[in-house]
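All remarks here apply to the structure that follows.
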Amino acid sequence: MKPGPLRAVEMPGTGGSAEPPRRAALATPGAVTQPGPDEPLAVVAAGPAGAGRRQVLAALLGLEPGMLAVPVGSCLVVNHARVPTRAAYVPGYRQPHSYGADPPAAGPALARPPRRVELSVPDPLLRHFAVLDTPDTGSLGVAGGRVLLDAVGRAGALLFVISADQAFTAAELHLLAEVDRAGVAVFFAVTPGATGWAAQSDGTTTAEDAGASVPSAARTAAPSRRPVDPVEVSVAAHRAALLAAVPGLAGARWYPARQADHAALRRALVGWAADEGLRRASAQPPVLPGEHGRVNVVPGVDPGELGDRLDRQVRACAQRIRQHLALELANIHLRVVQEVVFGVGAAGLPQLLDREMEALSLLATAQCDQAVRAVLDEAAARVFGAPLAEGVRHRIAKAVRWGLADHPAGRELDRVLLVTSTAGVAGLSGAGAIDALAGFPGAVRVEVLPPVGVALSGGCWQHWRGPGNDDPNGARSWAQRALREVELELSSEVSRRFEVIRLSLGAVLADAVDHGILLA
């Protein structure tokens, strides 16, 4: 029995050598992550600095704005709990640092900022969804935008907060366009500017970096005998400026922030959470097809040929991912050098490079997951026939995941790569170390491999923020050596992961061929 061609996998021709799945699409930088059925619902708050985003969230949650303060560059995750707690998750540590949830409580003295701070409070709104507050959009850069898009895709909703005297920048419009293409729910909140809701007198408010311009009240307001409401004019002006660049967001809802009265916004978010929760719950049946029952092996499977094909495909996938990551690291090096020379300087190098490493970790994880799924589906279809039922695929993936630890190369796959102050790379293993790297933790992973994690150690912050290390040339040289070490470590890690996938998947399929049925 000859299986038919599978999607995203190039099948070999008859009589020739097996071709690797070269057409299997790998994840690309900046792609919005699609939410899984088990991903927790969350609303991601974003916006420029000075827009009063923290005040809007505090009013929504009934908290003091000081409780939502976090170190610069860190994310804040607000969850529901009966007892208020707060903890900081710092790369390089296996356990979070807990401290008081009240505003006067001083945070722990840390060598570097945490990737995220989790705040748990007993607010009823948080029973419907969590809240993720992100850094200001003006400080995100290319890598920060990719991290934000990943979080928004998995969370399901974006709350963009902008003030009346601000305008959308080109980077923000690009971000909103990517969110629109992903079909994520978007809500806008407009807050009073520094001078209130009054329109500027020059006629327009131009955005930075060739962004959209916001028309003034004189151009937006239609002639009417009734008094013009400056709040409505400001909201309409911002909406018109946005739709001129991103017309797909015409259905997004807009809410003015009036004296901490956010009842309408609260009702809209609760309604979205109810609909989105129902949609995700019904997206996957409770029992997958093929999850139980006997799965027979198709006749005529040659174990030797199966092993050879698997070996070639695994090696080809590992090589492709190593090449993709090498190209991405080269792009990272160009962006880092540009920022060190013309932007943040040597003092901002740790924050910049750490955000780049966070985006690189998400990219490497997504590419490894997609490649493993493609290899597993293609190899299993040759043994059990195509199309492969989703439940059968889950059973095989679970067996492969359990078999990783049986091989010496499969131990300590949950290892974090930490860039040190000497431009070297150190390793830290453990599920807690991996969890500390997540800016927005998601559902329990069902993929075969653990995520890839790269971050900067606290020593890098201490080194480059010292009084005698403000040297752009030294920072450029250090960054080049550090990125080279990261490339070598990631290349070795990818090769090790796919080698253990070959061994574990090969053992599961070989046992099935020997017994005639799937034993998982």
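Each chain of the structure tokens is named A, B, ... in the order shown, its residues numbered from 1; ligands are numbered from 1 in display order.
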Contacts of segment 486-492 of chain A at 7 Å or less, counting only C-alpha atoms, minus same-chain residues fewer than 3 places along, as a PyMOL selection string?
chain A and resi 322+326+425+482-483+495-496
For a test of reading the model, state the distance in Å between atom CA of Leu41 of chain A and atom CA of Leu76 of chain A, rounded to one decimal.
15.2 Å
For a quick check of understanding, using only C-alpha atoms, which of A:Cys317, A:Gly516, A:Glu232, A:Leu149 has the smallest distance to Ala374 of chain A?
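Of A:Cys317, A:Gly516, A:Glu232, A:Leu149, the one nearest Ala374 of chain A is A:Cys317, counting only C-alpha atoms.
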Which residues come within 10 Å of segment 254-271 of chain A, counting only C-alpha atoms, excluding same-chain residues fewer than 4 positions away, as number ranges by chain?
A: 42-43, 52, 55-62, 125-129, 157, 159-164, 185-192, 231-232, 234-236, 238-239, 275-277
Find the residues near Gln284 of chain A: any atom within 9 Å, counting only C-alpha atoms, skip ones fewer than 4 places away on the same chain, and give them as a list in words.
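Listing them by chain and then by number gives Pro37, Arg280 and Leu288 of chain A.
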Would you save the residues from that selection as a compact mmCIF listing (two decimals), in the first residue's frame, using C-alpha atoms?
```
# COMPACT_ATOMS: atom_id res chain seq x y z
CA PRO A 37 -7.76 25.16 22.42
CA ARG A 280 -11.86 27.45 21.88
CA LEU A 288 -9.83 12.70 19.33
```
